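Worksheet: one structure, shown below.
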Amino acid sequence: MKDEFVKPSKSELKVRLEAPELCGAFPAGFYSLFTPAEAGERELTVAQSVKDKLGTVDFGFNERPWLVAAGSCHFPIEVAQQIENRAAILPEFLAITEEILNDKFDGNPAELLGLPSRDEQHGATIARFDDILMPDGKLLATEIEGWSSGQGQIIATSQAYRLEVGKEGLSSPFSGIDLAAVASLGNSFGKEANVVILIPDIPDESGWKYTVKDFELFATYCRVVGFNLTVERPAEIKVEGGKVKGKAGVYDVLYPFFPPSGYVDEKVTAGKGKQLLKVWADGNVELFPEPSWLQSKLTATAIFDPENKTAYLSKLSSCHPDWTLEDIEVRYREFKDDIFPWSWPLDPDKPPILDTGQQLDWEEFLAPEFLSLGWVFRPLLGTECAGLIFSGEMDPASMADFAKKKLGQFIQGEPYPLKPGSGSRIDREGWTFENDYRSYFVQKQIPHQTFKARYLNPEGTGIRKREGFNARICTTVFIDGQGKAEIGDVDVTLRKDSRVHGAKNSIVTMATFDNL
């Protein structure tokens, strides 16, 4: 491990993004000389080479088509600027929202679950946006999650594009997930911190092995650029003498890939959840992230509740005593208008107030003519498109019946599921620790800007050219304990329908940007 992590200079970063020699952390023997083919064959050759390189990572990459032309999912520099501007205000927004929700529920998620907690938390965390680019060029987040799988896969994809397509394949102002993670973890916990990523064993979940592989890949990349990460399952570690121990020794930081409700579930933590939180509460280990409201969709609804406006303005004023009231109002509007579309919990005791200020009762909202305007119903917890319902997928009467059912199931005082259970995830059944299909919220459906795509066909014999793809644009942001945001890579999922929130039957690639 290097003595310390030093963020690359602009000139070094340019080399990292453009030159194969210094592009990072593939295993020895990965690189191969690329001989340009004849002009008419080059695009096919590059696409196949990208796919072959990703296949060496042993991740099921060879089952996906790969976008090969930079112009196929290319964004103006204004999109990158929106990503940067939002990341700059994100740490403050999350900290204030955490305080508001803590006040509302009389404690943080750990306390709500009856678990040990700390009075003061360091605030270092990871946030992953699921964004939609609207036809007018505005970027809005359908959700923000307090965890992120896919780090290793995303880094591998960006590395392959650097190697095979050069600058056009990854024209980006962002440094990469590995560098962003190392900077944030190092700044938060010290350059010598010993970090373990805890990945639970989830029974009967096909594909879970890829999550373990993904974090192992991510840890490899982070070690190469100067930070010590180990991946273990909870069953493999020991909690004794007020310490957490594993194959890499005594751990300073736990990086859990499960929500706070996982600590109370013996299947997720092998019965060690409360012990782990006790060690953390006693100050003998750090958590990244700590139990947080960010690990539910409540953060998307808090900002739109008029009851919270006074709290936001007051807390912003405390953070910025030299700001004028106008400055505070501007920052509040940035939070309210530039992060999420209008979002509201399906709480029967809280009739919706639209972002226009219009007050409705639920019967008015669920009237056929109003539902026809376009809405998306989402569980407050859930991943991989679980439980996602679009109003256009049902007739208005069926949609209203669905929403009324969810209004009847909503539990005001239980924002987290206090017991794990079984639930339908799209078209399959399986035990999963994050399911909570009782409590839902609703968002305005966002119009998509559509894209043309050029990608390798499944047979690997030619390039397909198709129009009309919708895109989910995902940015991984690491936030250190001092509230500084580091942006990792930006990846894109392309799909022919609005369900770009799930990766099934889709193209996954990296975002490219103008003017770099």
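In the structure tokens, chains take letters A, B, ... by order of appearance, with residues numbered from 1 within each chain and ligands from 1 in the order shown.
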
Contacts of segment 120-155 of chain A with segment 471-475 of chain A up to 6 Å, shortest pair per row, only C-alpha atoms, as JSON lines:
```
{"residue": "A:Arg128", "atom": "CA", "partner": "A:Thr475", "partner_atom": "CA", "distance": 5.6}
{"residue": "A:Phe129", "atom": "CA", "partner": "A:Cys474", "partner_atom": "CA", "distance": 5.3}
{"residue": "A:Asp130", "atom": "CA", "partner": "A:Cys474", "partner_atom": "CA", "distance": 4.9}
{"residue": "A:Asp131", "atom": "CA", "partner": "A:Ile473", "partner_atom": "CA", "distance": 4.9}
{"residue": "A:Ile132", "atom": "CA", "partner": "A:Arg472", "partner_atom": "CA", "distance": 5.5}
```

Contacts of segment 373-376 of chain A at 12 Å (only C-alpha atoms; same-chain gap of 2+ positions) as a PDB file with N, CA, C and O atoms, in the first residue's frame:
```pdb
ATOM      1  N   THR A 142     -34.601  10.111 -10.093  1.00  0.00           N
ATOM      2  CA  THR A 142     -35.769   9.366  -9.654  1.00  0.00           C
ATOM      3  C   THR A 142     -35.556   8.804  -8.258  1.00  0.00           C
ATOM      4  O   THR A 142     -36.520   8.556  -7.531  1.00  0.00           O
ATOM      5  N   GLU A 143     -34.301   8.614  -7.887  1.00  0.00           N
ATOM      6  CA  GLU A 143     -34.004   8.184  -6.524  1.00  0.00           C
ATOM      7  C   GLU A 143     -32.533   8.415  -6.253  1.00  0.00           C
ATOM      8  O   GLU A 143     -31.727   8.643  -7.152  1.00  0.00           O
ATOM      9  N   PRO A 341     -37.788  14.888  -8.980  1.00  0.00           N
ATOM     10  CA  PRO A 341     -39.139  15.298  -9.370  1.00  0.00           C
ATOM     11  C   PRO A 341     -40.040  15.293  -8.138  1.00  0.00           C
ATOM     12  O   PRO A 341     -39.678  14.728  -7.105  1.00  0.00           O
ATOM     13  N   TRP A 342     -41.211  15.899  -8.254  1.00  0.00           N
ATOM     14  CA  TRP A 342     -42.141  15.926  -7.126  1.00  0.00           C
ATOM     15  C   TRP A 342     -42.375  14.521  -6.594  1.00  0.00           C
ATOM     16  O   TRP A 342     -42.668  13.585  -7.357  1.00  0.00           O
ATOM     17  N   SER A 343     -42.239  14.360  -5.271  1.00  0.00           N
ATOM     18  CA  SER A 343     -42.312  13.040  -4.629  1.00  0.00           C
ATOM     19  C   SER A 343     -43.134  13.156  -3.353  1.00  0.00           C
ATOM     20  O   SER A 343     -42.936  14.096  -2.566  1.00  0.00           O
ATOM     21  N   TRP A 344     -44.024  12.172  -3.123  1.00  0.00           N
ATOM     22  CA  TRP A 344     -44.942  12.255  -1.987  1.00  0.00           C
ATOM     23  C   TRP A 344     -45.267  10.853  -1.478  1.00  0.00           C
ATOM     24  O   TRP A 344     -45.556   9.957  -2.259  1.00  0.00           O
ATOM     25  N   PRO A 345     -45.220  10.636  -0.154  1.00  0.00           N
ATOM     26  CA  PRO A 345     -45.538   9.299   0.380  1.00  0.00           C
ATOM     27  C   PRO A 345     -47.025   8.982   0.235  1.00  0.00           C
ATOM     28  O   PRO A 345     -47.874   9.879   0.322  1.00  0.00           O
ATOM     29  N   LEU A 346     -47.351   7.713   0.044  1.00  0.00           N
ATOM     30  CA  LEU A 346     -48.747   7.289   0.011  1.00  0.00           C
ATOM     31  C   LEU A 346     -49.239   7.099   1.439  1.00  0.00           C
ATOM     32  O   LEU A 346     -49.547   5.993   1.885  1.00  0.00           O
ATOM     33  N   PHE A 365     -56.677  13.056  -6.343  1.00  0.00           N
ATOM     34  CA  PHE A 365     -55.428  12.636  -6.977  1.00  0.00           C
ATOM     35  C   PHE A 365     -55.628  11.355  -7.793  1.00  0.00           C
ATOM     36  O   PHE A 365     -55.045  11.186  -8.869  1.00  0.00           O
ATOM     37  N   LEU A 366     -56.446  10.459  -7.271  1.00  0.00           N
ATOM     38  CA  LEU A 366     -56.631   9.152  -7.911  1.00  0.00           C
ATOM     39  C   LEU A 366     -57.771   9.138  -8.924  1.00  0.00           C
ATOM     40  O   LEU A 366     -58.103   8.082  -9.461  1.00  0.00           O
ATOM     41  N   ALA A 367     -58.316  10.294  -9.227  1.00  0.00           N
ATOM     42  CA  ALA A 367     -59.341  10.374 -10.271  1.00  0.00           C
ATOM     43  C   ALA A 367     -58.712  10.037 -11.618  1.00  0.00           C
ATOM     44  O   ALA A 367     -57.552  10.359 -11.867  1.00  0.00           O
ATOM     45  N   PRO A 368     -59.456   9.368 -12.522  1.00  0.00           N
ATOM     46  CA  PRO A 368     -58.878   8.928 -13.803  1.00  0.00           C
ATOM     47  C   PRO A 368     -58.205  10.052 -14.595  1.00  0.00           C
ATOM     48  O   PRO A 368     -57.120   9.853 -15.154  1.00  0.00           O
ATOM     49  N   GLU A 369     -58.831  11.233 -14.636  1.00  0.00           N
ATOM     50  CA  GLU A 369     -58.254  12.314 -15.432  1.00  0.00           C
ATOM     51  C   GLU A 369     -56.937  12.812 -14.843  1.00  0.00           C
ATOM     52  O   GLU A 369     -56.049  13.274 -15.568  1.00  0.00           O
ATOM     53  N   PHE A 370     -56.768  12.700 -13.512  1.00  0.00           N
ATOM     54  CA  PHE A 370     -55.521  13.136 -12.898  1.00  0.00           C
ATOM     55  C   PHE A 370     -54.436  12.071 -13.051  1.00  0.00           C
ATOM     56  O   PHE A 370     -53.278  12.384 -13.345  1.00  0.00           O
ATOM     57  N   LEU A 371     -54.790  10.813 -12.862  1.00  0.00           N
ATOM     58  CA  LEU A 371     -53.805   9.736 -13.027  1.00  0.00           C
ATOM     59  C   LEU A 371     -53.260   9.685 -14.451  1.00  0.00           C
ATOM     60  O   LEU A 371     -52.131   9.266 -14.680  1.00  0.00           O
ATOM     61  N   ARG A 378     -43.564   3.874  -6.272  1.00  0.00           N
ATOM     62  CA  ARG A 378     -42.327   3.166  -5.919  1.00  0.00           C
ATOM     63  C   ARG A 378     -42.348   2.809  -4.429  1.00  0.00           C
ATOM     64  O   ARG A 378     -42.811   3.610  -3.610  1.00  0.00           O
ATOM     65  N   PRO A 379     -41.804   1.642  -4.052  1.00  0.00           N
ATOM     66  CA  PRO A 379     -41.692   1.325  -2.625  1.00  0.00           C
ATOM     67  C   PRO A 379     -40.630   2.191  -1.959  1.00  0.00           C
ATOM     68  O   PRO A 379     -39.633   2.555  -2.585  1.00  0.00           O
ATOM     69  N   CYS A 385     -35.542  -2.292  -9.574  1.00  0.00           N
ATOM     70  CA  CYS A 385     -36.859  -2.063 -10.167  1.00  0.00           C
ATOM     71  C   CYS A 385     -37.976  -2.760  -9.381  1.00  0.00           C
ATOM     72  O   CYS A 385     -39.089  -2.892  -9.875  1.00  0.00           O
ATOM     73  N   GLY A 387     -41.051  -3.646  -7.396  1.00  0.00           N
ATOM     74  CA  GLY A 387     -42.289  -2.998  -7.023  1.00  0.00           C
ATOM     75  C   GLY A 387     -42.626  -1.744  -7.790  1.00  0.00           C
ATOM     76  O   GLY A 387     -43.591  -1.051  -7.460  1.00  0.00           O
ATOM     77  N   LEU A 388     -41.867  -1.410  -8.809  1.00  0.00           N
ATOM     78  CA  LEU A 388     -42.056  -0.169  -9.555  1.00  0.00           C
ATOM     79  C   LEU A 388     -43.273  -0.272 -10.466  1.00  0.00           C
ATOM     80  O   LEU A 388     -43.400  -1.209 -11.239  1.00  0.00           O
ATOM     81  N   ILE A 389     -44.188   0.697 -10.365  1.00  0.00           N
ATOM     82  CA  ILE A 389     -45.426   0.682 -11.148  1.00  0.00           C
ATOM     83  C   ILE A 389     -45.588   2.028 -11.856  1.00  0.00           C
ATOM     84  O   ILE A 389     -45.546   3.081 -11.223  1.00  0.00           O
ATOM     85  N   PHE A 390     -45.783   1.979 -13.176  1.00  0.00           N
ATOM     86  CA  PHE A 390     -46.049   3.186 -13.957  1.00  0.00           C
ATOM     87  C   PHE A 390     -47.547   3.286 -14.214  1.00  0.00           C
ATOM     88  O   PHE A 390     -48.203   2.293 -14.542  1.00  0.00           O
ATOM     89  N   SER A 391     -48.079   4.507 -14.101  1.00  0.00           N
ATOM     90  CA  SER A 391     -49.522   4.677 -14.273  1.00  0.00           C
ATOM     91  C   SER A 391     -49.960   4.265 -15.674  1.00  0.00           C
ATOM     92  O   SER A 391     -51.093   3.806 -15.862  1.00  0.00           O
ATOM     93  N   GLY A 392     -49.094   4.390 -16.676  1.00  0.00           N
ATOM     94  CA  GLY A 392     -49.459   4.007 -18.029  1.00  0.00           C
ATOM     95  C   GLY A 392     -49.541   2.509 -18.255  1.00  0.00           C
ATOM     96  O   GLY A 392     -50.008   2.062 -19.310  1.00  0.00           O
ATOM     97  N   GLU A 393     -49.100   1.716 -17.272  1.00  0.00           N
ATOM     98  CA  GLU A 393     -49.125   0.265 -17.417  1.00  0.00           C
ATOM     99  C   GLU A 393     -50.468  -0.338 -16.988  1.00  0.00           C
ATOM    100  O   GLU A 393     -50.672  -1.538 -17.142  1.00  0.00           O
ATOM    101  N   MET A 394     -51.333   0.465 -16.399  1.00  0.00           N
ATOM    102  CA  MET A 394     -52.640  -0.015 -15.962  1.00  0.00           C
ATOM    103  C   MET A 394     -53.715   0.934 -16.478  1.00  0.00           C
ATOM    104  O   MET A 394     -53.436   2.110 -16.750  1.00  0.00           O
ATOM    105  N   ASP A 395     -54.924   0.439 -16.566  1.00  0.00           N
ATOM    106  CA  ASP A 395     -56.027   1.353 -16.826  1.00  0.00           C
ATOM    107  C   ASP A 395     -56.264   2.165 -15.557  1.00  0.00           C
ATOM    108  O   ASP A 395     -55.887   1.738 -14.451  1.00  0.00           O
ATOM    109  N   PRO A 396     -56.847   3.358 -15.668  1.00  0.00           N
ATOM    110  CA  PRO A 396     -56.992   4.237 -14.494  1.00  0.00           C
ATOM    111  C   PRO A 396     -57.691   3.583 -13.310  1.00  0.00           C
ATOM    112  O   PRO A 396     -57.302   3.816 -12.161  1.00  0.00           O
ATOM    113  N   MET A 399     -55.232   1.277 -11.645  1.00  0.00           N
ATOM    114  CA  MET A 399     -54.192   2.067 -11.003  1.00  0.00           C
ATOM    115  C   MET A 399     -54.707   2.656  -9.694  1.00  0.00           C
ATOM    116  O   MET A 399     -54.010   2.640  -8.669  1.00  0.00           O
ATOM    117  N   ALA A 400     -55.926   3.167  -9.720  1.00  0.00           N
ATOM    118  CA  ALA A 400     -56.519   3.732  -8.508  1.00  0.00           C
ATOM    119  C   ALA A 400     -56.693   2.657  -7.438  1.00  0.00           C
ATOM    120  O   ALA A 400     -56.421   2.904  -6.254  1.00  0.00           O
ATOM    121  N   PHE A 402     -54.870  -0.024  -7.084  1.00  0.00           N
ATOM    122  CA  PHE A 402     -53.525  -0.326  -6.577  1.00  0.00           C
ATOM    123  C   PHE A 402     -53.101   0.717  -5.542  1.00  0.00           C
ATOM    124  O   PHE A 402     -52.627   0.385  -4.451  1.00  0.00           O
ATOM    125  N   ALA A 403     -53.260   1.994  -5.902  1.00  0.00           N
ATOM    126  CA  ALA A 403     -52.830   3.067  -5.006  1.00  0.00           C
ATOM    127  C   ALA A 403     -53.640   3.059  -3.706  1.00  0.00           C
ATOM    128  O   ALA A 403     -53.088   3.290  -2.624  1.00  0.00           O
ATOM    129  N   TYR A 440     -45.326   2.901   0.134  1.00  0.00           N
ATOM    130  CA  TYR A 440     -44.985   3.394  -1.199  1.00  0.00           C
ATOM    131  C   TYR A 440     -44.939   4.921  -1.210  1.00  0.00           C
ATOM    132  O   TYR A 440     -45.411   5.589  -0.287  1.00  0.00           O
ATOM    133  N   PHE A 441     -44.345   5.463  -2.283  1.00  0.00           N
ATOM    134  CA  PHE A 441     -44.496   6.888  -2.558  1.00  0.00           C
ATOM    135  C   PHE A 441     -44.726   7.052  -4.049  1.00  0.00           C
ATOM    136  O   PHE A 441     -44.594   6.104  -4.831  1.00  0.00           O
ATOM    137  N   VAL A 442     -45.115   8.261  -4.448  1.00  0.00           N
ATOM    138  CA  VAL A 442     -45.455   8.524  -5.837  1.00  0.00           C
ATOM    139  C   VAL A 442     -44.614   9.696  -6.335  1.00  0.00           C
ATOM    140  O   VAL A 442     -44.322  10.636  -5.581  1.00  0.00           O
ATOM    141  N   GLN A 443     -44.186   9.619  -7.584  1.00  0.00           N
ATOM    142  CA  GLN A 443     -43.441  10.696  -8.235  1.00  0.00           C
ATOM    143  C   GLN A 443     -44.103  11.057  -9.557  1.00  0.00           C
ATOM    144  O   GLN A 443     -44.797  10.232 -10.166  1.00  0.00           O
ATOM    145  N   LYS A 444     -43.858  12.279  -9.991  1.00  0.00           N
ATOM    146  CA  LYS A 444     -44.210  12.629 -11.349  1.00  0.00           C
ATOM    147  C   LYS A 444     -43.369  11.796 -12.317  1.00  0.00           C
ATOM    148  O   LYS A 444     -42.166  11.640 -12.123  1.00  0.00           O
ATOM    149  N   GLN A 445     -43.986  11.272 -13.348  1.00  0.00           N
ATOM    150  CA  GLN A 445     -43.237  10.551 -14.366  1.00  0.00           C
ATOM    151  C   GLN A 445     -42.465  11.558 -15.216  1.00  0.00           C
ATOM    152  O   GLN A 445     -43.016  12.573 -15.654  1.00  0.00           O
ATOM    153  N   ILE A 446     -41.185  11.285 -15.423  1.00  0.00           N
ATOM    154  CA  ILE A 446     -40.303  12.230 -16.099  1.00  0.00           C
ATOM    155  C   ILE A 446     -40.203  11.869 -17.578  1.00  0.00           C
ATOM    156  O   ILE A 446     -39.923  10.718 -17.922  1.00  0.00           O
ATOM    157  N   PRO A 447     -40.391  12.832 -18.482  1.00  0.00           N
ATOM    158  CA  PRO A 447     -40.163  12.554 -19.905  1.00  0.00           C
ATOM    159  C   PRO A 447     -38.682  12.356 -20.181  1.00  0.00           C
ATOM    160  O   PRO A 447     -37.837  13.045 -19.617  1.00  0.00           O
ATOM    161  N   SER A 498     -39.614   2.537 -20.653  1.00  0.00           N
ATOM    162  CA  SER A 498     -39.390   3.429 -19.519  1.00  0.00           C
ATOM    163  C   SER A 498     -38.770   2.726 -18.321  1.00  0.00           C
ATOM    164  O   SER A 498     -38.360   3.384 -17.363  1.00  0.00           O
ATOM    165  N   ARG A 499     -38.686   1.402 -18.352  1.00  0.00           N
ATOM    166  CA  ARG A 499     -38.141   0.669 -17.211  1.00  0.00           C
ATOM    167  C   ARG A 499     -36.622   0.620 -17.248  1.00  0.00           C
ATOM    168  O   ARG A 499     -36.001  -0.436 -17.077  1.00  0.00           O
ATOM    169  N   HIS A 501     -34.994   1.726 -15.010  1.00  0.00           N
ATOM    170  CA  HIS A 501     -34.598   1.630 -13.609  1.00  0.00           C
ATOM    171  C   HIS A 501     -34.116   0.220 -13.275  1.00  0.00           C
ATOM    172  O   HIS A 501     -33.514  -0.003 -12.229  1.00  0.00           O
TER     173      HIS A 501
END
```

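Of the listed residues A:Ala95, A:Ile83, A:Val182, A:Val490, the one whose atoms come nearest to Thr220 of chain A is A:Val182, with distances taken using only C-alpha atoms.
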
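Note that the spacing between atom CA of Phe451 of chain A and atom CA of Arg495 of chain A amounts to 9.6 Å.
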
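Using only C-alpha atoms, the shortest contact distance between Leu276 of chain A and any of A:Ser117, A:Asp355, A:Gly249, A:Asp361 is found at A:Ser117.
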
* Residues near segment 314-321 of chain A, cut-off 10 Å, only C-alpha atoms, skip fewer than 2 positions along chain, as a PyMOL selection string -> chain A and resi 92-93+95-97+99-100+308-312+323-325+327-329+331-332

Export, as a PDB file, in the first residue's frame, the selected residues with N, CA, C and O atoms.
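In the end it all went to result-v7.pdb:
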```
ATOM      1  N   GLU A  92     -24.599  18.835   2.130  1.00  0.00           N
ATOM      2  CA  GLU A  92     -25.411  19.689   2.991  1.00  0.00           C
ATOM      3  C   GLU A  92     -26.871  19.250   2.975  1.00  0.00           C
ATOM      4  O   GLU A  92     -27.529  19.162   4.025  1.00  0.00           O
ATOM      5  N   PHE A  93     -27.394  18.951   1.787  1.00  0.00           N
ATOM      6  CA  PHE A  93     -28.776  18.493   1.672  1.00  0.00           C
ATOM      7  C   PHE A  93     -29.000  17.230   2.489  1.00  0.00           C
ATOM      8  O   PHE A  93     -29.976  17.123   3.244  1.00  0.00           O
ATOM      9  N   ALA A  95     -27.243  16.018   5.044  1.00  0.00           N
ATOM     10  CA  ALA A  95     -27.086  16.232   6.485  1.00  0.00           C
ATOM     11  C   ALA A  95     -28.343  16.871   7.076  1.00  0.00           C
ATOM     12  O   ALA A  95     -28.811  16.480   8.146  1.00  0.00           O
ATOM     13  N   ILE A  96     -28.890  17.862   6.389  1.00  0.00           N
ATOM     14  CA  ILE A  96     -30.094  18.535   6.881  1.00  0.00           C
ATOM     15  C   ILE A  96     -31.287  17.582   6.856  1.00  0.00           C
ATOM     16  O   ILE A  96     -32.084  17.535   7.807  1.00  0.00           O
ATOM     17  N   THR A  97     -31.417  16.812   5.786  1.00  0.00           N
ATOM     18  CA  THR A  97     -32.531  15.872   5.680  1.00  0.00           C
ATOM     19  C   THR A  97     -32.449  14.805   6.770  1.00  0.00           C
ATOM     20  O   THR A  97     -33.471  14.402   7.339  1.00  0.00           O
ATOM     21  N   GLU A  99     -31.228  15.228   9.756  1.00  0.00           N
ATOM     22  CA  GLU A  99     -31.685  15.862  10.996  1.00  0.00           C
ATOM     23  C   GLU A  99     -33.202  15.969  11.038  1.00  0.00           C
ATOM     24  O   GLU A  99     -33.830  15.701  12.077  1.00  0.00           O
ATOM     25  N   ILE A 100     -33.802  16.362   9.927  1.00  0.00           N
ATOM     26  CA  ILE A 100     -35.262  16.515   9.870  1.00  0.00           C
ATOM     27  C   ILE A 100     -35.958  15.178  10.109  1.00  0.00           C
ATOM     28  O   ILE A 100     -36.933  15.081  10.863  1.00  0.00           O
ATOM     29  N   ASN A 308     -41.794  20.828   6.180  1.00  0.00           N
ATOM     30  CA  ASN A 308     -40.355  20.812   6.436  1.00  0.00           C
ATOM     31  C   ASN A 308     -39.641  22.080   5.973  1.00  0.00           C
ATOM     32  O   ASN A 308     -38.452  22.244   6.246  1.00  0.00           O
ATOM     33  N   LYS A 309     -40.332  22.960   5.267  1.00  0.00           N
ATOM     34  CA  LYS A 309     -39.649  24.135   4.708  1.00  0.00           C
ATOM     35  C   LYS A 309     -38.998  24.978   5.786  1.00  0.00           C
ATOM     36  O   LYS A 309     -37.831  25.381   5.660  1.00  0.00           O
ATOM     37  N   THR A 310     -39.724  25.243   6.859  1.00  0.00           N
ATOM     38  CA  THR A 310     -39.159  26.073   7.927  1.00  0.00           C
ATOM     39  C   THR A 310     -37.902  25.439   8.503  1.00  0.00           C
ATOM     40  O   THR A 310     -36.909  26.125   8.779  1.00  0.00           O
ATOM     41  N   ALA A 311     -37.930  24.100   8.676  1.00  0.00           N
ATOM     42  CA  ALA A 311     -36.758  23.409   9.217  1.00  0.00           C
ATOM     43  C   ALA A 311     -35.585  23.512   8.255  1.00  0.00           C
ATOM     44  O   ALA A 311     -34.436  23.756   8.680  1.00  0.00           O
ATOM     45  N   TYR A 312     -35.822  23.337   6.947  1.00  0.00           N
ATOM     46  CA  TYR A 312     -34.730  23.468   5.976  1.00  0.00           C
ATOM     47  C   TYR A 312     -34.136  24.870   6.023  1.00  0.00           C
ATOM     48  O   TYR A 312     -32.906  25.039   6.062  1.00  0.00           O
ATOM     49  N   TRP A 323     -25.098  34.409   5.283  1.00  0.00           N
ATOM     50  CA  TRP A 323     -25.948  34.488   4.097  1.00  0.00           C
ATOM     51  C   TRP A 323     -27.177  35.332   4.381  1.00  0.00           C
ATOM     52  O   TRP A 323     -27.696  35.353   5.504  1.00  0.00           O
ATOM     53  N   THR A 324     -27.662  35.998   3.341  1.00  0.00           N
ATOM     54  CA  THR A 324     -28.923  36.722   3.444  1.00  0.00           C
ATOM     55  C   THR A 324     -30.089  35.740   3.329  1.00  0.00           C
ATOM     56  O   THR A 324     -29.924  34.588   2.898  1.00  0.00           O
ATOM     57  N   LEU A 325     -31.276  36.212   3.684  1.00  0.00           N
ATOM     58  CA  LEU A 325     -32.460  35.387   3.539  1.00  0.00           C
ATOM     59  C   LEU A 325     -32.666  34.990   2.084  1.00  0.00           C
ATOM     60  O   LEU A 325     -33.066  33.848   1.792  1.00  0.00           O
ATOM     61  N   ASP A 327     -30.265  34.475  -0.127  1.00  0.00           N
ATOM     62  CA  ASP A 327     -29.303  33.397  -0.396  1.00  0.00           C
ATOM     63  C   ASP A 327     -29.844  32.055   0.097  1.00  0.00           C
ATOM     64  O   ASP A 327     -29.718  31.028  -0.586  1.00  0.00           O
ATOM     65  N   ILE A 328     -30.420  32.071   1.295  1.00  0.00           N
ATOM     66  CA  ILE A 328     -30.956  30.846   1.878  1.00  0.00           C
ATOM     67  C   ILE A 328     -32.109  30.310   1.039  1.00  0.00           C
ATOM     68  O   ILE A 328     -32.204  29.101   0.764  1.00  0.00           O
ATOM     69  N   GLU A 329     -32.985  31.199   0.589  1.00  0.00           N
ATOM     70  CA  GLU A 329     -34.111  30.787  -0.243  1.00  0.00           C
ATOM     71  C   GLU A 329     -33.628  30.192  -1.558  1.00  0.00           C
ATOM     72  O   GLU A 329     -34.198  29.204  -2.049  1.00  0.00           O
ATOM     73  N   ARG A 331     -30.746  28.621  -2.120  1.00  0.00           N
ATOM     74  CA  ARG A 331     -30.205  27.276  -1.869  1.00  0.00           C
ATOM     75  C   ARG A 331     -31.333  26.278  -1.636  1.00  0.00           C
ATOM     76  O   ARG A 331     -31.282  25.139  -2.122  1.00  0.00           O
ATOM     77  N   TYR A 332     -32.357  26.697  -0.913  1.00  0.00           N
ATOM     78  CA  TYR A 332     -33.503  25.817  -0.682  1.00  0.00           C
ATOM     79  C   TYR A 332     -34.165  25.436  -2.001  1.00  0.00           C
ATOM     80  O   TYR A 332     -34.515  24.275  -2.228  1.00  0.00           O
TER      81      TYR A 332
END
```
